[in-house]
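For reference, work11.cif is printed below; it contains mmCIF, N, CA and C atoms.
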```cif
data_start
#
loop_
_atom_site.label_atom_id
_atom_site.label_comp_id
_atom_site.auth_asym_id
_atom_site.auth_seq_id
_atom_site.Cartn_x
_atom_site.Cartn_y
_atom_site.Cartn_z
N MET A 432 0.83 -1.19 0.00
CA MET A 432 0.00 0.00 0.00
C MET A 432 0.87 1.26 0.00
N LYS A 433 1.99 1.16 0.69
CA LYS A 433 2.91 2.30 0.76
C LYS A 433 3.45 2.64 -0.63
N GLN A 434 3.74 1.61 -1.42
CA GLN A 434 4.27 1.83 -2.77
C GLN A 434 3.23 2.50 -3.66
N ILE A 435 1.97 2.12 -3.48
CA ILE A 435 0.90 2.72 -4.28
C ILE A 435 0.76 4.20 -3.94
N ARG A 436 0.74 4.51 -2.63
CA ARG A 436 0.64 5.91 -2.22
C ARG A 436 1.83 6.72 -2.71
N GLN A 437 3.01 6.12 -2.65
CA GLN A 437 4.22 6.81 -3.11
C GLN A 437 4.16 7.07 -4.62
N ARG A 438 3.66 6.10 -5.37
CA ARG A 438 3.55 6.28 -6.82
C ARG A 438 2.56 7.39 -7.15
N PHE A 439 1.42 7.42 -6.45
CA PHE A 439 0.45 8.50 -6.66
C PHE A 439 1.06 9.86 -6.32
N ALA A 440 1.77 9.93 -5.21
CA ALA A 440 2.38 11.19 -4.79
C ALA A 440 3.40 11.67 -5.83
N THR A 441 4.18 10.75 -6.35
CA THR A 441 5.19 11.10 -7.36
C THR A 441 4.52 11.51 -8.67
N ASN A 442 3.56 10.75 -9.11
CA ASN A 442 2.91 11.02 -10.39
C ASN A 442 2.00 12.25 -10.34
N TRP A 443 1.54 12.61 -9.16
CA TRP A 443 0.62 13.74 -9.01
C TRP A 443 1.31 15.07 -9.28
N ILE A 444 2.61 15.13 -8.99
CA ILE A 444 3.36 16.39 -9.15
C ILE A 444 3.35 16.81 -10.63
N GLY A 445 2.77 17.95 -10.90
CA GLY A 445 2.71 18.50 -12.25
C GLY A 445 1.72 17.83 -13.18
N PHE A 446 0.92 16.90 -12.66
CA PHE A 446 -0.01 16.15 -13.51
C PHE A 446 -1.01 17.08 -14.19
N TRP A 447 -1.63 17.97 -13.43
CA TRP A 447 -2.67 18.84 -13.98
C TRP A 447 -2.12 19.74 -15.08
N ASP A 448 -0.91 20.26 -14.88
CA ASP A 448 -0.31 21.13 -15.90
C ASP A 448 0.04 20.36 -17.17
N ASP A 449 0.53 19.14 -17.00
CA ASP A 449 0.94 18.35 -18.16
C ASP A 449 -0.23 17.82 -18.99
N TRP A 450 -1.36 17.54 -18.35
CA TRP A 450 -2.46 16.86 -19.02
C TRP A 450 -3.76 17.66 -19.08
N LYS A 451 -3.70 18.99 -18.84
CA LYS A 451 -4.94 19.76 -18.75
C LYS A 451 -5.75 19.77 -20.05
N VAL A 452 -5.11 19.81 -21.19
CA VAL A 452 -5.86 19.81 -22.46
C VAL A 452 -6.59 18.48 -22.64
N PHE A 453 -5.90 17.39 -22.37
CA PHE A 453 -6.53 16.07 -22.47
C PHE A 453 -7.70 15.94 -21.48
N MET A 454 -7.51 16.49 -20.29
CA MET A 454 -8.56 16.39 -19.27
C MET A 454 -9.78 17.23 -19.62
N VAL A 455 -9.59 18.38 -20.23
CA VAL A 455 -10.72 19.20 -20.66
C VAL A 455 -11.53 18.45 -21.71
N VAL A 456 -10.85 17.83 -22.66
CA VAL A 456 -11.55 17.02 -23.68
C VAL A 456 -12.25 15.84 -23.03
N PHE A 457 -11.58 15.18 -22.11
CA PHE A 457 -12.15 14.03 -21.39
C PHE A 457 -13.41 14.42 -20.63
N PHE A 458 -13.35 15.51 -19.86
CA PHE A 458 -14.51 15.95 -19.09
C PHE A 458 -15.65 16.42 -20.01
N ALA A 459 -15.32 17.08 -21.11
CA ALA A 459 -16.35 17.51 -22.06
C ALA A 459 -17.03 16.30 -22.70
N ALA A 460 -16.27 15.28 -23.04
CA ALA A 460 -16.85 14.07 -23.62
C ALA A 460 -17.76 13.36 -22.62
N LEU A 461 -17.34 13.29 -21.35
CA LEU A 461 -18.19 12.68 -20.33
C LEU A 461 -19.47 13.49 -20.12
N LEU A 462 -19.36 14.80 -20.15
CA LEU A 462 -20.55 15.64 -20.00
C LEU A 462 -21.50 15.44 -21.18
N ALA A 463 -20.96 15.37 -22.40
CA ALA A 463 -21.80 15.13 -23.57
C ALA A 463 -22.52 13.79 -23.46
N ASP A 464 -21.80 12.77 -23.01
CA ASP A 464 -22.40 11.45 -22.82
C ASP A 464 -23.51 11.51 -21.77
N ALA A 465 -23.24 12.17 -20.65
CA ALA A 465 -24.24 12.25 -19.57
C ALA A 465 -25.48 13.02 -20.03
N LEU A 466 -25.29 14.15 -20.69
CA LEU A 466 -26.44 14.94 -21.13
C LEU A 466 -27.25 14.22 -22.20
N SER A 467 -26.57 13.53 -23.10
CA SER A 467 -27.31 12.79 -24.13
C SER A 467 -28.04 11.59 -23.51
N THR A 468 -27.45 11.00 -22.47
CA THR A 468 -28.12 9.90 -21.77
C THR A 468 -29.36 10.40 -21.05
N ILE A 469 -29.26 11.55 -20.40
CA ILE A 469 -30.43 12.15 -19.76
C ILE A 469 -31.52 12.40 -20.80
N HIS A 470 -31.13 12.92 -21.95
CA HIS A 470 -32.08 13.21 -23.02
C HIS A 470 -32.83 11.95 -23.47
N PHE A 471 -32.07 10.88 -23.77
CA PHE A 471 -32.77 9.70 -24.28
C PHE A 471 -33.56 9.00 -23.18
N MET A 472 -33.09 9.07 -21.92
CA MET A 472 -33.85 8.45 -20.84
C MET A 472 -35.18 9.14 -20.60
N ARG A 473 -35.25 10.41 -20.88
CA ARG A 473 -36.51 11.14 -20.70
C ARG A 473 -37.54 10.70 -21.74
N TYR A 474 -37.05 10.22 -22.91
CA TYR A 474 -37.97 9.78 -23.96
C TYR A 474 -38.15 8.26 -24.00
N GLU A 475 -37.07 7.53 -23.79
CA GLU A 475 -37.10 6.07 -23.92
C GLU A 475 -37.25 5.33 -22.60
N GLY A 476 -36.94 6.01 -21.50
CA GLY A 476 -37.00 5.37 -20.19
C GLY A 476 -35.66 4.82 -19.77
N VAL A 477 -35.53 4.58 -18.48
CA VAL A 477 -34.28 4.08 -17.91
C VAL A 477 -33.94 2.69 -18.43
N GLU A 478 -34.94 1.92 -18.77
CA GLU A 478 -34.74 0.55 -19.23
C GLU A 478 -33.86 0.46 -20.47
N ALA A 479 -33.78 1.52 -21.26
CA ALA A 479 -33.01 1.50 -22.50
C ALA A 479 -31.51 1.67 -22.27
N GLU A 480 -31.09 2.02 -21.07
CA GLU A 480 -29.66 2.23 -20.79
C GLU A 480 -28.91 0.91 -20.81
N MET A 481 -27.79 0.87 -21.56
CA MET A 481 -27.01 -0.35 -21.69
C MET A 481 -25.94 -0.51 -20.63
N HIS A 482 -25.40 0.58 -20.12
CA HIS A 482 -24.34 0.48 -19.12
C HIS A 482 -24.95 -0.02 -17.82
N PRO A 483 -24.50 -1.16 -17.32
CA PRO A 483 -25.17 -1.78 -16.17
C PRO A 483 -25.21 -0.90 -14.92
N MET A 484 -24.12 -0.22 -14.60
CA MET A 484 -24.12 0.60 -13.39
C MET A 484 -24.97 1.85 -13.55
N VAL A 485 -24.89 2.48 -14.72
CA VAL A 485 -25.73 3.67 -14.95
C VAL A 485 -27.20 3.26 -14.93
N ASN A 486 -27.51 2.11 -15.50
CA ASN A 486 -28.88 1.58 -15.47
C ASN A 486 -29.34 1.39 -14.03
N LEU A 487 -28.54 0.72 -13.23
CA LEU A 487 -28.89 0.44 -11.84
C LEU A 487 -29.06 1.72 -11.03
N VAL A 488 -28.09 2.63 -11.15
CA VAL A 488 -28.16 3.88 -10.40
C VAL A 488 -29.35 4.72 -10.86
N SER A 489 -29.61 4.74 -12.16
CA SER A 489 -30.73 5.52 -12.68
C SER A 489 -32.07 4.96 -12.23
N ARG A 490 -32.16 3.66 -12.08
CA ARG A 490 -33.39 3.07 -11.56
C ARG A 490 -33.62 3.48 -10.11
N ARG A 491 -32.53 3.70 -9.37
CA ARG A 491 -32.64 4.08 -7.96
C ARG A 491 -32.87 5.57 -7.75
N ILE A 492 -32.11 6.41 -8.47
CA ILE A 492 -32.18 7.85 -8.19
C ILE A 492 -32.73 8.69 -9.33
N GLY A 493 -33.09 8.06 -10.44
CA GLY A 493 -33.77 8.78 -11.51
C GLY A 493 -32.94 8.99 -12.76
N PRO A 494 -33.63 9.40 -13.84
CA PRO A 494 -32.98 9.53 -15.14
C PRO A 494 -32.11 10.77 -15.31
N VAL A 495 -32.11 11.66 -14.35
CA VAL A 495 -31.22 12.83 -14.42
C VAL A 495 -29.99 12.60 -13.55
N TRP A 496 -30.21 12.25 -12.30
CA TRP A 496 -29.09 12.05 -11.39
C TRP A 496 -28.28 10.80 -11.71
N GLY A 497 -28.91 9.77 -12.22
CA GLY A 497 -28.18 8.55 -12.55
C GLY A 497 -27.05 8.77 -13.53
N PRO A 498 -27.31 9.38 -14.70
CA PRO A 498 -26.22 9.65 -15.64
C PRO A 498 -25.18 10.63 -15.10
N LEU A 499 -25.60 11.58 -14.28
CA LEU A 499 -24.63 12.52 -13.70
C LEU A 499 -23.71 11.82 -12.70
N VAL A 500 -24.27 10.95 -11.87
CA VAL A 500 -23.45 10.17 -10.95
C VAL A 500 -22.53 9.24 -11.74
N GLY A 501 -23.06 8.65 -12.82
CA GLY A 501 -22.23 7.80 -13.67
C GLY A 501 -21.07 8.57 -14.28
N ALA A 502 -21.32 9.78 -14.76
CA ALA A 502 -20.25 10.59 -15.36
C ALA A 502 -19.20 10.96 -14.32
N LEU A 503 -19.63 11.34 -13.13
CA LEU A 503 -18.68 11.67 -12.06
C LEU A 503 -17.85 10.45 -11.68
N SER A 504 -18.48 9.28 -11.64
CA SER A 504 -17.75 8.05 -11.33
C SER A 504 -16.73 7.72 -12.41
N LYS A 505 -17.12 7.86 -13.66
CA LYS A 505 -16.19 7.61 -14.76
C LYS A 505 -15.04 8.61 -14.75
N ALA A 506 -15.35 9.88 -14.43
CA ALA A 506 -14.30 10.90 -14.36
C ALA A 506 -13.30 10.57 -13.26
N ALA A 507 -13.80 10.19 -12.09
CA ALA A 507 -12.91 9.85 -10.98
C ALA A 507 -12.05 8.64 -11.33
N ALA A 508 -12.66 7.61 -11.89
CA ALA A 508 -11.91 6.40 -12.25
C ALA A 508 -10.86 6.72 -13.32
N GLY A 509 -11.23 7.53 -14.29
CA GLY A 509 -10.29 7.89 -15.35
C GLY A 509 -9.10 8.68 -14.85
N VAL A 510 -9.36 9.64 -13.97
CA VAL A 510 -8.26 10.45 -13.43
C VAL A 510 -7.36 9.60 -12.53
N ILE A 511 -7.96 8.76 -11.70
CA ILE A 511 -7.15 7.88 -10.84
C ILE A 511 -6.26 6.97 -11.69
N ALA A 512 -6.84 6.36 -12.72
CA ALA A 512 -6.05 5.48 -13.59
C ALA A 512 -4.96 6.26 -14.32
N ALA A 513 -5.29 7.46 -14.80
CA ALA A 513 -4.31 8.26 -15.54
C ALA A 513 -3.16 8.72 -14.65
N VAL A 514 -3.46 9.08 -13.41
CA VAL A 514 -2.39 9.49 -12.48
C VAL A 514 -1.51 8.28 -12.17
N TYR A 515 -2.12 7.16 -11.87
CA TYR A 515 -1.34 5.98 -11.51
C TYR A 515 -0.48 5.49 -12.68
N PHE A 516 -1.08 5.47 -13.86
CA PHE A 516 -0.36 5.04 -15.07
C PHE A 516 -0.01 6.27 -15.91
N ARG A 517 0.71 7.19 -15.34
CA ARG A 517 0.95 8.50 -15.95
C ARG A 517 1.58 8.41 -17.34
N ARG A 518 2.42 7.44 -17.57
CA ARG A 518 3.07 7.34 -18.88
C ARG A 518 2.09 7.11 -20.01
N ILE A 519 0.95 6.49 -19.72
CA ILE A 519 -0.05 6.25 -20.75
C ILE A 519 -1.33 7.05 -20.50
N ALA A 520 -1.20 8.16 -19.77
CA ALA A 520 -2.36 8.99 -19.45
C ALA A 520 -3.03 9.51 -20.73
N GLY A 521 -2.26 9.87 -21.72
CA GLY A 521 -2.84 10.36 -22.98
C GLY A 521 -3.70 9.30 -23.65
N PHE A 522 -3.23 8.07 -23.62
CA PHE A 522 -4.00 6.96 -24.18
C PHE A 522 -5.29 6.75 -23.37
N ILE A 523 -5.20 6.79 -22.04
CA ILE A 523 -6.38 6.62 -21.18
C ILE A 523 -7.39 7.71 -21.45
N PHE A 524 -6.95 8.97 -21.44
CA PHE A 524 -7.88 10.07 -21.68
C PHE A 524 -8.42 10.04 -23.12
N GLY A 525 -7.55 9.75 -24.08
CA GLY A 525 -7.98 9.74 -25.48
C GLY A 525 -9.01 8.66 -25.77
N LEU A 526 -8.72 7.44 -25.34
CA LEU A 526 -9.65 6.33 -25.60
C LEU A 526 -10.97 6.53 -24.85
N SER A 527 -10.88 6.97 -23.60
CA SER A 527 -12.09 7.22 -22.83
C SER A 527 -12.93 8.33 -23.45
N SER A 528 -12.28 9.35 -23.95
CA SER A 528 -13.00 10.45 -24.62
C SER A 528 -13.68 9.95 -25.89
N LEU A 529 -12.96 9.15 -26.66
CA LEU A 529 -13.52 8.61 -27.89
C LEU A 529 -14.76 7.76 -27.61
N ILE A 530 -14.68 6.90 -26.61
CA ILE A 530 -15.82 6.05 -26.25
C ILE A 530 -17.01 6.90 -25.79
N SER A 531 -16.74 7.94 -24.99
CA SER A 531 -17.83 8.79 -24.50
C SER A 531 -18.46 9.61 -25.62
N VAL A 532 -17.65 10.10 -26.54
CA VAL A 532 -18.20 10.84 -27.69
C VAL A 532 -19.04 9.90 -28.56
N TRP A 533 -18.55 8.67 -28.76
CA TRP A 533 -19.34 7.70 -29.52
C TRP A 533 -20.67 7.42 -28.82
N ALA A 534 -20.64 7.28 -27.50
CA ALA A 534 -21.87 7.02 -26.74
C ALA A 534 -22.84 8.19 -26.86
N ALA A 535 -22.32 9.42 -26.80
CA ALA A 535 -23.19 10.59 -26.96
C ALA A 535 -23.81 10.61 -28.36
N TRP A 536 -23.00 10.32 -29.38
CA TRP A 536 -23.53 10.26 -30.74
C TRP A 536 -24.61 9.19 -30.84
N PHE A 537 -24.33 8.03 -30.29
CA PHE A 537 -25.28 6.92 -30.37
C PHE A 537 -26.58 7.28 -29.66
N ASN A 538 -26.50 7.91 -28.49
CA ASN A 538 -27.69 8.28 -27.74
C ASN A 538 -28.59 9.24 -28.51
N LEU A 539 -27.99 10.15 -29.28
CA LEU A 539 -28.77 11.17 -29.97
C LEU A 539 -29.16 10.78 -31.39
N TRP A 540 -28.22 10.22 -32.16
CA TRP A 540 -28.48 9.94 -33.57
C TRP A 540 -28.19 8.51 -33.99
N GLY A 541 -27.19 7.91 -33.39
CA GLY A 541 -26.69 6.62 -33.87
C GLY A 541 -27.68 5.48 -33.75
N TYR A 542 -28.55 5.54 -32.76
CA TYR A 542 -29.49 4.42 -32.59
C TYR A 542 -30.42 4.28 -33.78
N ARG A 543 -30.59 5.33 -34.56
CA ARG A 543 -31.43 5.25 -35.76
C ARG A 543 -30.71 4.55 -36.91
N VAL A 544 -29.38 4.60 -36.88
CA VAL A 544 -28.56 4.11 -37.97
C VAL A 544 -27.95 2.74 -37.68
N TYR A 545 -27.63 2.52 -36.42
CA TYR A 545 -26.80 1.38 -36.05
C TYR A 545 -27.38 0.72 -34.81
N GLU A 546 -27.58 -0.57 -34.88
CA GLU A 546 -28.04 -1.32 -33.71
C GLU A 546 -27.05 -2.43 -33.43
N PRO A 547 -26.32 -2.32 -32.32
CA PRO A 547 -25.32 -3.36 -32.02
C PRO A 547 -25.95 -4.74 -31.86
N ASN A 548 -25.26 -5.76 -32.29
CA ASN A 548 -25.74 -7.13 -32.17
C ASN A 548 -25.91 -7.56 -30.72
N ILE A 549 -25.25 -6.84 -29.82
CA ILE A 549 -25.33 -7.21 -28.40
C ILE A 549 -26.75 -7.04 -27.87
N TYR A 550 -27.57 -6.25 -28.53
CA TYR A 550 -28.96 -6.06 -28.08
C TYR A 550 -29.71 -7.38 -27.96
N VAL A 551 -29.34 -8.33 -28.79
CA VAL A 551 -30.01 -9.63 -28.78
C VAL A 551 -29.83 -10.33 -27.42
N TRP A 552 -28.67 -10.16 -26.82
CA TRP A 552 -28.36 -10.85 -25.56
C TRP A 552 -28.44 -9.95 -24.33
N TRP A 553 -28.67 -8.67 -24.51
CA TRP A 553 -28.61 -7.73 -23.39
C TRP A 553 -29.81 -7.95 -22.45
N PRO A 554 -29.55 -8.11 -21.15
CA PRO A 554 -30.64 -8.46 -20.22
C PRO A 554 -31.54 -7.31 -19.81
N PHE A 555 -31.20 -6.07 -20.14
CA PHE A 555 -31.99 -4.94 -19.65
C PHE A 555 -33.07 -4.53 -20.63
#
```
Could you render the structure from this file as structure tokens?
Amino acid sequence: MKQIRQRFATNWIGFWDDWKVFMVVFFAALLADALSTIHFMRYEGVEAEMHPMVNLVSRRIGPVWGPLVGALSKAAAGVIAAVYFRRIAGFIFGLSSLISVWAAWFNLWGYRVYEPNIYVWWPF
């Protein structure tokens, strides 16, 4: 545990200055995903959410707070992973941003064009 704390302390120094552009894009992508999820949940219902944790949380606290809590959780997990694995922080932020932007696109427009095959097996 001491080594983990030491690695975080070492990697934390200058992290915000080095990665602020990536983090702004990352947070904007998460916000777009959360807002688009709120939008589709208001029309389609919570049952349409594919992400298991966002689905569960949204069923408990509603279609507005659920996606917002999900976005905050994803942001915290992403920043923790990026600090710990600082050498690949750009990859972590970039890939996470890409996935969130794709999810926002899918929530607003993509579902009309593309239906993943996973829907056949999805339990929700």
Q.
For a quick check of your reading of the model, name the residues lying within 8 Å of the coordinate (-11.9, 6.8, -20.1), counting all atoms listed in the file, and write them as a list in words.
A.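 Residues satisfying the cut-off, written out: Phe457, Lys505, Ala506, Ala508, Gly509, Val510, Phe522, Ile523, Phe524, Gly525, Leu526, Ser527, Ser528, Leu529, Ile530 and Ser531 of chain A.
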Atoms to include: N, CA and C atoms. Write the selected residues as an mmCIF file, in the frame of the given file.
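The result, stored in selection-v8.cif:
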```
data_model
loop_
_atom_site.group_PDB
_atom_site.id
_atom_site.type_symbol
_atom_site.label_atom_id
_atom_site.label_comp_id
_atom_site.auth_asym_id
_atom_site.auth_seq_id
_atom_site.Cartn_x
_atom_site.Cartn_y
_atom_site.Cartn_z
ATOM 1 N N PHE A 457 -11.580 15.180 -22.110
ATOM 2 C CA PHE A 457 -12.150 14.030 -21.390
ATOM 3 C C PHE A 457 -13.410 14.420 -20.630
ATOM 4 N N LYS A 505 -17.120 7.860 -13.660
ATOM 5 C CA LYS A 505 -16.190 7.610 -14.760
ATOM 6 C C LYS A 505 -15.040 8.610 -14.750
ATOM 7 N N ALA A 506 -15.350 9.880 -14.430
ATOM 8 C CA ALA A 506 -14.300 10.900 -14.360
ATOM 9 C C ALA A 506 -13.300 10.570 -13.260
ATOM 10 N N ALA A 508 -12.660 7.610 -11.890
ATOM 11 C CA ALA A 508 -11.910 6.400 -12.250
ATOM 12 C C ALA A 508 -10.860 6.720 -13.320
ATOM 13 N N GLY A 509 -11.230 7.530 -14.290
ATOM 14 C CA GLY A 509 -10.290 7.890 -15.350
ATOM 15 C C GLY A 509 -9.100 8.680 -14.850
ATOM 16 N N VAL A 510 -9.360 9.640 -13.970
ATOM 17 C CA VAL A 510 -8.260 10.450 -13.430
ATOM 18 C C VAL A 510 -7.360 9.600 -12.530
ATOM 19 N N PHE A 522 -3.230 8.070 -23.620
ATOM 20 C CA PHE A 522 -4.000 6.960 -24.180
ATOM 21 C C PHE A 522 -5.290 6.750 -23.370
ATOM 22 N N ILE A 523 -5.200 6.790 -22.040
ATOM 23 C CA ILE A 523 -6.380 6.620 -21.180
ATOM 24 C C ILE A 523 -7.390 7.710 -21.450
ATOM 25 N N PHE A 524 -6.950 8.970 -21.440
ATOM 26 C CA PHE A 524 -7.880 10.070 -21.680
ATOM 27 C C PHE A 524 -8.420 10.040 -23.120
ATOM 28 N N GLY A 525 -7.550 9.750 -24.080
ATOM 29 C CA GLY A 525 -7.980 9.740 -25.480
ATOM 30 C C GLY A 525 -9.010 8.660 -25.770
ATOM 31 N N LEU A 526 -8.720 7.440 -25.340
ATOM 32 C CA LEU A 526 -9.650 6.330 -25.600
ATOM 33 C C LEU A 526 -10.970 6.530 -24.850
ATOM 34 N N SER A 527 -10.880 6.970 -23.600
ATOM 35 C CA SER A 527 -12.090 7.220 -22.830
ATOM 36 C C SER A 527 -12.930 8.330 -23.450
ATOM 37 N N SER A 528 -12.280 9.350 -23.950
ATOM 38 C CA SER A 528 -13.000 10.450 -24.620
ATOM 39 C C SER A 528 -13.680 9.950 -25.890
ATOM 40 N N LEU A 529 -12.960 9.150 -26.660
ATOM 41 C CA LEU A 529 -13.520 8.610 -27.890
ATOM 42 C C LEU A 529 -14.760 7.760 -27.610
ATOM 43 N N ILE A 530 -14.680 6.900 -26.610
ATOM 44 C CA ILE A 530 -15.820 6.050 -26.250
ATOM 45 C C ILE A 530 -17.010 6.900 -25.790
ATOM 46 N N SER A 531 -16.740 7.940 -24.990
ATOM 47 C CA SER A 531 -17.830 8.790 -24.500
ATOM 48 C C SER A 531 -18.460 9.610 -25.620
#
```
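Minimum atom-to-atom distances from A:Gly541, A:Gly445, A:Gly521, A:Pro498 to Asn486 of chain A were compared using all atoms listed in the file, and the lowest value belongs to A:Pro498.
For the atom pair formed by atom C of Met454 of chain A and atom CA of Ile511 of chain A, the distance is 13.1 Å, given to one decimal.
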Q: Write out as number ranges by chain which residues come within 8 Å of His470 of chain A when counting all atoms listed in the file, dropping same-chain ones fewer than 6 positions away.
A: A: 464, 476, 494-495, 538-539
Go ahead and write the selection's residues with N, CA and C atoms as a short mmCIF file (atom, residue, chain, number, x, y, z; two decimals), keeping the file's coordinate frame.
```cif
data_model
loop_
_atom_site.label_atom_id
_atom_site.label_comp_id
_atom_site.auth_asym_id
_atom_site.auth_seq_id
_atom_site.Cartn_x
_atom_site.Cartn_y
_atom_site.Cartn_z
N ASP A 464 -21.80 12.77 -23.01
CA ASP A 464 -22.40 11.45 -22.82
C ASP A 464 -23.51 11.51 -21.77
N GLY A 476 -36.94 6.01 -21.50
CA GLY A 476 -37.00 5.37 -20.19
C GLY A 476 -35.66 4.82 -19.77
N PRO A 494 -33.63 9.40 -13.84
CA PRO A 494 -32.98 9.53 -15.14
C PRO A 494 -32.11 10.77 -15.31
N VAL A 495 -32.11 11.66 -14.35
CA VAL A 495 -31.22 12.83 -14.42
C VAL A 495 -29.99 12.60 -13.55
N ASN A 538 -26.50 7.91 -28.49
CA ASN A 538 -27.69 8.28 -27.74
C ASN A 538 -28.59 9.24 -28.51
N LEU A 539 -27.99 10.15 -29.28
CA LEU A 539 -28.77 11.17 -29.97
C LEU A 539 -29.16 10.78 -31.39
#
```
Q. Atom C of Met432 of chain A to atom CA of Tyr515 of chain A: how many Å, to one decimal?
A. 12.6 Å
Q. Which of these, A:Ala520, A:Trp540, A:Arg490, A:Met481, has the shortest distance to Trp450 of chain A once you count only N, CA and C atoms?
A.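 Between A:Ala520, A:Trp540, A:Arg490, A:Met481, the residue approaching Trp450 of chain A most closely is A:Ala520.
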